[in-house]
file final.cif (mmCIF, C-alpha atoms)
data_final
loop_
_atom_site.label_atom_id
_atom_site.label_comp_id
_atom_site.auth_asym_id
_atom_site.auth_seq_id
_atom_site.Cartn_x
_atom_site.Cartn_y
_atom_site.Cartn_z
CA MET A 28 -26.10 -7.20 16.35
CA GLN A 29 -24.39 -5.24 13.58
CA LEU A 30 -23.37 -7.10 10.43
CA TYR A 31 -19.67 -6.58 11.09
CA GLN A 32 -20.02 -8.26 14.50
CA ARG A 33 -21.41 -11.48 13.04
CA GLN A 34 -19.46 -14.52 11.89
CA CYS A 35 -19.91 -16.21 8.54
CA THR A 36 -22.25 -19.15 8.87
CA ASN A 37 -22.14 -22.56 7.26
CA TYR A 38 -24.74 -23.15 4.62
CA ALA A 39 -26.61 -26.25 3.57
CA ALA A 40 -25.59 -28.04 0.40
CA ASP A 41 -28.87 -26.92 -1.17
CA ALA A 42 -28.55 -23.27 -0.10
CA VAL A 43 -29.89 -20.71 -2.54
CA PRO A 44 -29.02 -17.03 -3.05
CA LEU A 45 -30.73 -14.43 -0.90
CA PRO A 46 -34.05 -13.28 -2.34
CA ASP A 47 -33.90 -9.81 -3.93
CA SER A 48 -36.02 -8.37 -1.14
CA GLU A 49 -33.40 -9.44 1.39
CA SER A 50 -30.34 -8.28 -0.57
CA ASP A 51 -32.11 -4.97 -1.32
CA ARG A 52 -32.56 -4.51 2.43
CA LEU A 53 -29.04 -5.59 3.42
CA ILE A 54 -27.31 -3.38 0.85
CA LEU A 55 -28.56 -0.38 2.85
CA GLU A 56 -26.43 -1.59 5.77
CA VAL A 57 -23.17 -1.50 3.81
CA PRO A 58 -22.80 2.03 2.41
CA GLY A 59 -20.80 2.37 -0.80
CA TRP A 60 -21.16 -1.27 -1.78
CA GLN A 61 -22.87 -1.98 -5.07
CA ILE A 62 -24.59 -5.12 -6.28
CA GLU A 63 -23.21 -5.91 -9.75
CA LEU A 64 -24.03 -8.71 -12.14
CA GLN A 65 -21.05 -10.64 -13.51
CA GLY A 66 -22.05 -13.34 -15.94
CA GLY A 67 -25.51 -13.39 -14.42
CA VAL A 68 -24.13 -13.78 -10.88
CA LYS A 69 -24.85 -11.08 -8.30
CA GLN A 70 -21.74 -9.79 -6.55
CA LEU A 71 -21.01 -7.16 -3.90
CA VAL A 72 -18.38 -4.68 -5.08
CA LYS A 73 -16.64 -1.67 -3.54
CA GLN A 74 -13.49 0.23 -4.39
CA PHE A 75 -11.27 1.69 -1.66
CA SER A 76 -8.70 4.46 -2.23
CA PHE A 77 -5.39 5.07 -0.48
CA PRO A 78 -2.77 7.84 -0.61
CA ASP A 79 0.20 5.52 -1.19
CA TYR A 80 1.10 2.00 -2.22
CA VAL A 81 2.14 0.78 1.23
CA GLN A 82 -1.33 1.54 2.61
CA THR A 83 -2.86 0.01 -0.52
CA MET A 84 -0.99 -3.26 0.01
CA SER A 85 -1.59 -3.27 3.74
CA PHE A 86 -5.35 -3.04 3.23
CA ALA A 87 -5.37 -5.76 0.55
CA LEU A 88 -3.41 -8.01 2.90
CA SER A 89 -5.81 -7.35 5.78
CA VAL A 90 -8.75 -8.29 3.56
CA GLY A 91 -6.89 -11.50 2.67
CA GLU A 92 -6.42 -12.27 6.36
CA LEU A 93 -10.13 -11.64 6.97
CA ALA A 94 -10.86 -14.07 4.13
CA GLU A 95 -8.78 -16.78 5.77
CA ALA A 96 -10.33 -16.12 9.18
CA GLU A 97 -13.87 -16.40 7.78
CA ASP A 98 -12.98 -19.14 5.27
CA HIS A 99 -14.69 -17.00 2.64
CA HIS A 100 -12.53 -15.62 -0.12
CA PRO A 101 -13.28 -12.53 -2.21
CA GLU A 102 -11.72 -11.30 -5.41
CA ILE A 103 -9.24 -8.51 -4.62
CA LEU A 104 -8.02 -6.24 -7.41
CA MET A 105 -5.08 -4.07 -6.35
CA LYS A 106 -3.40 -1.28 -8.24
CA TRP A 107 -1.58 1.85 -7.08
CA GLY A 108 -3.85 3.59 -4.56
CA LYS A 109 -6.91 1.43 -5.28
CA VAL A 110 -8.27 -1.86 -3.98
CA ARG A 111 -11.50 -3.24 -5.42
CA VAL A 112 -13.07 -5.98 -3.30
CA THR A 113 -15.74 -8.32 -4.67
CA TRP A 114 -17.66 -10.70 -2.43
CA TRP A 115 -20.00 -13.42 -3.61
CA THR A 116 -20.69 -17.04 -2.78
CA HIS A 117 -19.77 -19.62 -5.40
CA ALA A 118 -21.84 -22.31 -3.69
CA VAL A 119 -25.09 -20.40 -4.18
CA ASN A 120 -23.99 -18.72 -7.42
CA GLY A 121 -24.86 -15.32 -5.98
CA LEU A 122 -25.19 -13.47 -2.70
CA HIS A 123 -25.42 -15.03 0.76
CA ILE A 124 -25.66 -13.30 4.14
CA ASN A 125 -21.94 -14.15 4.52
CA ASP A 126 -21.14 -11.70 1.71
CA PHE A 127 -22.82 -8.83 3.52
CA ILE A 128 -21.12 -9.80 6.79
CA CYS A 129 -17.73 -9.78 5.05
CA ALA A 130 -18.49 -6.50 3.26
CA ALA A 131 -19.24 -4.90 6.65
CA LYS A 132 -16.02 -6.37 8.10
CA THR A 133 -14.09 -5.05 5.08
CA ASP A 134 -15.41 -1.56 5.84
CA GLN A 135 -14.23 -1.95 9.42
CA LEU A 136 -10.73 -2.79 8.17
CA ALA A 137 -10.81 0.36 6.04
CA GLY A 138 -11.96 2.39 9.03
CA GLN A 139 -15.31 3.06 7.36
CA MET B 2 22.30 -10.05 -18.73
CA GLN B 3 18.96 -11.78 -18.23
CA LEU B 4 15.83 -9.64 -18.01
CA TYR B 5 15.22 -10.57 -14.37
CA GLN B 6 18.69 -9.31 -13.43
CA ARG B 7 18.05 -5.82 -14.78
CA GLN B 8 16.60 -2.84 -12.93
CA CYS B 9 13.75 -0.72 -14.20
CA THR B 10 15.06 2.37 -15.94
CA ASN B 11 13.81 5.91 -15.90
CA TYR B 12 12.21 7.07 -19.09
CA ALA B 13 12.09 10.42 -20.80
CA ALA B 14 8.92 12.49 -20.62
CA ASP B 15 8.42 11.88 -24.33
CA ALA B 16 9.01 8.11 -24.15
CA VAL B 17 6.92 5.99 -26.49
CA PRO B 18 5.84 2.33 -26.28
CA LEU B 19 8.20 -0.36 -27.54
CA PRO B 20 7.81 -1.01 -31.24
CA ASP B 21 5.96 -4.25 -32.04
CA SER B 22 9.15 -5.83 -33.36
CA GLU B 23 10.78 -5.33 -29.96
CA SER B 24 7.83 -6.50 -27.84
CA ASP B 25 7.41 -9.52 -30.15
CA ARG B 26 11.05 -10.41 -29.47
CA LEU B 27 10.93 -9.77 -25.70
CA ILE B 28 7.75 -11.79 -25.15
CA LEU B 29 9.78 -14.89 -26.08
CA GLU B 30 11.95 -14.25 -23.03
CA VAL B 31 9.03 -14.38 -20.56
CA PRO B 32 7.27 -17.73 -21.08
CA GLY B 33 3.59 -17.86 -20.24
CA TRP B 34 3.10 -14.10 -20.43
CA GLN B 35 0.62 -12.84 -22.99
CA ILE B 36 0.32 -9.43 -24.58
CA GLU B 37 -3.32 -8.35 -24.26
CA LEU B 38 -5.07 -5.21 -25.44
CA GLN B 39 -7.15 -3.39 -22.82
CA GLY B 40 -8.89 -0.32 -24.20
CA GLY B 41 -6.32 -0.17 -26.97
CA VAL B 42 -3.39 -0.34 -24.51
CA LYS B 43 -0.96 -3.26 -24.71
CA GLN B 44 -0.45 -5.02 -21.41
CA LEU B 45 1.58 -8.03 -20.23
CA VAL B 46 -0.61 -10.57 -18.42
CA LYS B 47 0.02 -13.89 -16.68
CA GLN B 48 -1.98 -15.95 -14.22
CA PHE B 49 -0.25 -17.91 -11.45
CA SER B 50 -1.85 -20.80 -9.55
CA PHE B 51 -1.33 -21.93 -5.95
CA PRO B 52 -2.54 -24.89 -3.88
CA ASP B 53 -3.84 -22.79 -0.97
CA TYR B 54 -4.78 -19.25 -0.01
CA VAL B 55 -1.77 -18.57 2.20
CA GLN B 56 0.58 -19.19 -0.74
CA THR B 57 -1.74 -17.15 -2.96
CA MET B 58 -1.55 -14.15 -0.62
CA SER B 59 2.16 -14.55 -0.03
CA PHE B 60 2.87 -14.39 -3.76
CA ALA B 61 0.60 -11.36 -4.27
CA LEU B 62 2.38 -9.61 -1.41
CA SER B 63 5.81 -10.40 -2.86
CA VAL B 64 4.74 -8.92 -6.22
CA GLY B 65 3.59 -5.82 -4.34
CA GLU B 66 6.99 -5.56 -2.65
CA LEU B 67 8.70 -5.92 -6.04
CA ALA B 68 6.48 -3.11 -7.31
CA GLU B 69 7.59 -0.81 -4.50
CA ALA B 70 11.25 -1.73 -4.97
CA GLU B 71 11.10 -0.98 -8.70
CA ASP B 72 8.70 1.97 -8.32
CA HIS B 73 6.59 0.32 -11.02
CA HIS B 74 3.15 -0.90 -10.01
CA PRO B 75 1.15 -3.61 -11.74
CA GLU B 76 -2.47 -4.58 -11.43
CA ILE B 77 -2.79 -7.65 -9.19
CA LEU B 78 -6.01 -9.67 -9.20
CA MET B 79 -6.15 -12.19 -6.37
CA LYS B 80 -8.73 -14.85 -5.70
CA TRP B 81 -8.49 -18.27 -4.03
CA GLY B 82 -5.54 -20.09 -5.60
CA LYS B 83 -5.04 -17.60 -8.44
CA VAL B 84 -3.08 -14.38 -8.90
CA ARG B 85 -3.26 -12.56 -12.22
CA VAL B 86 -0.52 -9.97 -12.69
CA THR B 87 -0.75 -7.25 -15.35
CA TRP B 88 2.20 -5.01 -16.18
CA TRP B 89 2.08 -1.97 -18.40
CA THR B 90 3.40 1.57 -18.35
CA HIS B 91 0.87 4.37 -17.97
CA ALA B 92 3.39 7.00 -19.06
CA VAL B 93 3.81 5.45 -22.52
CA ASN B 94 0.26 4.09 -22.68
CA GLY B 95 1.60 0.65 -23.48
CA LEU B 96 4.63 -1.58 -23.00
CA HIS B 97 8.09 -0.42 -21.95
CA ILE B 98 11.18 -2.54 -21.34
CA ASN B 99 10.43 -2.08 -17.61
CA ASP B 100 7.31 -4.23 -18.03
CA PHE B 101 9.30 -7.14 -19.41
CA ILE B 102 11.93 -6.73 -16.68
CA CYS B 103 9.18 -6.83 -14.02
CA ALA B 104 7.45 -9.79 -15.70
CA ALA B 105 10.74 -11.72 -15.55
CA LYS B 106 11.20 -10.74 -11.89
CA THR B 107 7.62 -11.85 -11.17
CA ASP B 108 8.45 -15.27 -12.61
CA GLN B 109 11.48 -15.43 -10.33
CA LEU B 110 9.24 -14.76 -7.33
CA ALA B 111 6.99 -17.61 -8.45
CA GLY B 112 9.99 -19.89 -8.87
CA GLN B 113 9.45 -20.03 -12.62
#
call {"tool": "encode", "arguments": {"input": "final.cif", "output": "structure tokens"}}
result
Amino acid sequence: MQLYQRQCTNYAADAVPLPDSESDRLILEVPGWQIELQGGVKQLVKQFSFPDYVQTMSFALSVGELAEAEDHHPEILMKWGKVRVTWWTHAVNGLHINDFICAAKTDQLAGQ
Amino acid sequence: MQLYQRQCTNYAADAVPLPDSESDRLILEVPGWQIELQGGVKQLVKQFSFPDYVQTMSFALSVGELAEAEDHHPEILMKWGKVRVTWWTHAVNGLHINDFICAAKTDQLAGQ
């Protein structure tokens, strides 16, 4: 099953971030996404571009609706023609399979 | 007339940022907004908090609609329960009266 077809899963209270070997493998399945360190926390980041503000807002809103549907909420930075989406999992202080699933679903929303 | 009642104005091609004396006066009219320097450019910044994600998204969307109506587009950073709005004017590389007008309108949208 492709990542975008999966649902976010619950995680145990003692869940830990994905090992590097696993995130290094999964990143290959979500083209254009980068793993960035913010304050020592690994995050999945991608910027999307749009030709006008209405399409910019519409995409940001659709990512917000995905977030509610999956009960997993990214950081969304929106400016004219650009939306930067950042997924990570607070509870593990880094990356979880859910972040890769949501990155793949975000690409689907963008038609990528 | 209050700031929030005004419309954004067109500016000349050679427009310059507001002088400090003027931005120091106007900031008093938009409580909770801060003037921050980003890469040497003055920007107006405020963070708004919400008790759930639906209200968070709804507010971010309403700021986006304001942006389209005024043809002046801020940076909007949205995460669960928080929306940070940043207004500045690219064309003057700093703050214009339009930024204070839009900050006051943003407060109106937030019921502040």
call {"tool": "closest_residue", "arguments": {"input": "final.cif", "among": "B:Phe49, B:Trp34, B:Tyr54, B:Tyr12", "to": "chain A", "atoms": "all atoms listed in the file"}}
result
B:Tyr54
call {"tool": "resolve_selection", "arguments": {"input": "final.cif", "expression": "the PyMOL selection byres ((chain B and resi 66) around 12)", "output": "list in words"}}
result
Tyr80, Val81, Thr83, Met84 and Ser85 of chain A; Ser59, Phe60, Ala61, Leu62, Ser63, Val64, Gly65, Leu67, Ala68, Glu69, Ala70, Glu71, Asp72, His73, His74, Pro75, Ile77, Cys103, Lys106, Thr107 and Leu110 of chain B
call {"tool": "resolve_selection", "arguments": {"input": "final.cif", "expression": "the PyMOL selection byres ((chain B) within 6 of (chain A))", "output": "PyMOL selection string"}}
result
chain B and resi 76-80
call {"tool": "atom_distance", "arguments": {"input": "final.cif", "atom1": "atom CA of Ser50 of chain B", "atom2": "atom CA of Tyr5 of chain B"}}
result
20.5 Å
call {"tool": "closest_residue", "arguments": {"input": "final.cif", "among": "B:Arg7, B:His91, B:Lys47, B:His97", "to": "Ser24 of chain B", "atoms": "all atoms listed in the file"}}
result
B:His97
call {"tool": "residues_near_point", "arguments": {"input": "final.cif", "point": "(13.0, -3.3, -15.4)", "cutoff": "7 Å", "atoms": "all atoms listed in the file", "output": "list in words"}}
result
Arg7, Gln8, Cys9, Thr10, Ile98, Asn99, Asp100, Phe101, Ile102 and Cys103 of chain B
call {"tool": "atom_distance", "arguments": {"input": "final.cif", "atom1": "atom CA of Leu45 of chain A", "atom2": "atom CA of Val119 of chain A"}}
result
8.8 Å
call {"tool": "atom_distance", "arguments": {"input": "final.cif", "atom1": "atom CA of Gln109 of chain B", "atom2": "atom CA of Pro18 of chain B"}}
result
24.5 Å
call {"tool": "resolve_selection", "arguments": {"input": "final.cif", "expression": "the PyMOL selection byres ((chain A and resi 67-71) around 8)", "output": "ChimeraX atom specification"}}
result
/A:60-66,72-73,113-115,120-122,126-127,130
call {"tool": "axis_aligned_box", "arguments": {"input": "final.cif", "around": "segment 2-7 of chain B", "padding_each_side": "5 Å", "output": "lines of an AutoDock Vina configuration file"}}
result
center_x = 18.8
center_y = -8.8
center_z = -16.1
size_x = 17.1
size_y = 16.0
size_z = 15.3
call {"tool": "closest_residue", "arguments": {"input": "final.cif", "among": "A:Pro78, A:Gly59, A:Ala137, A:Ile54", "to": "Leu30 of chain A", "atoms": "all atoms listed in the file"}}
result
A:Ile54
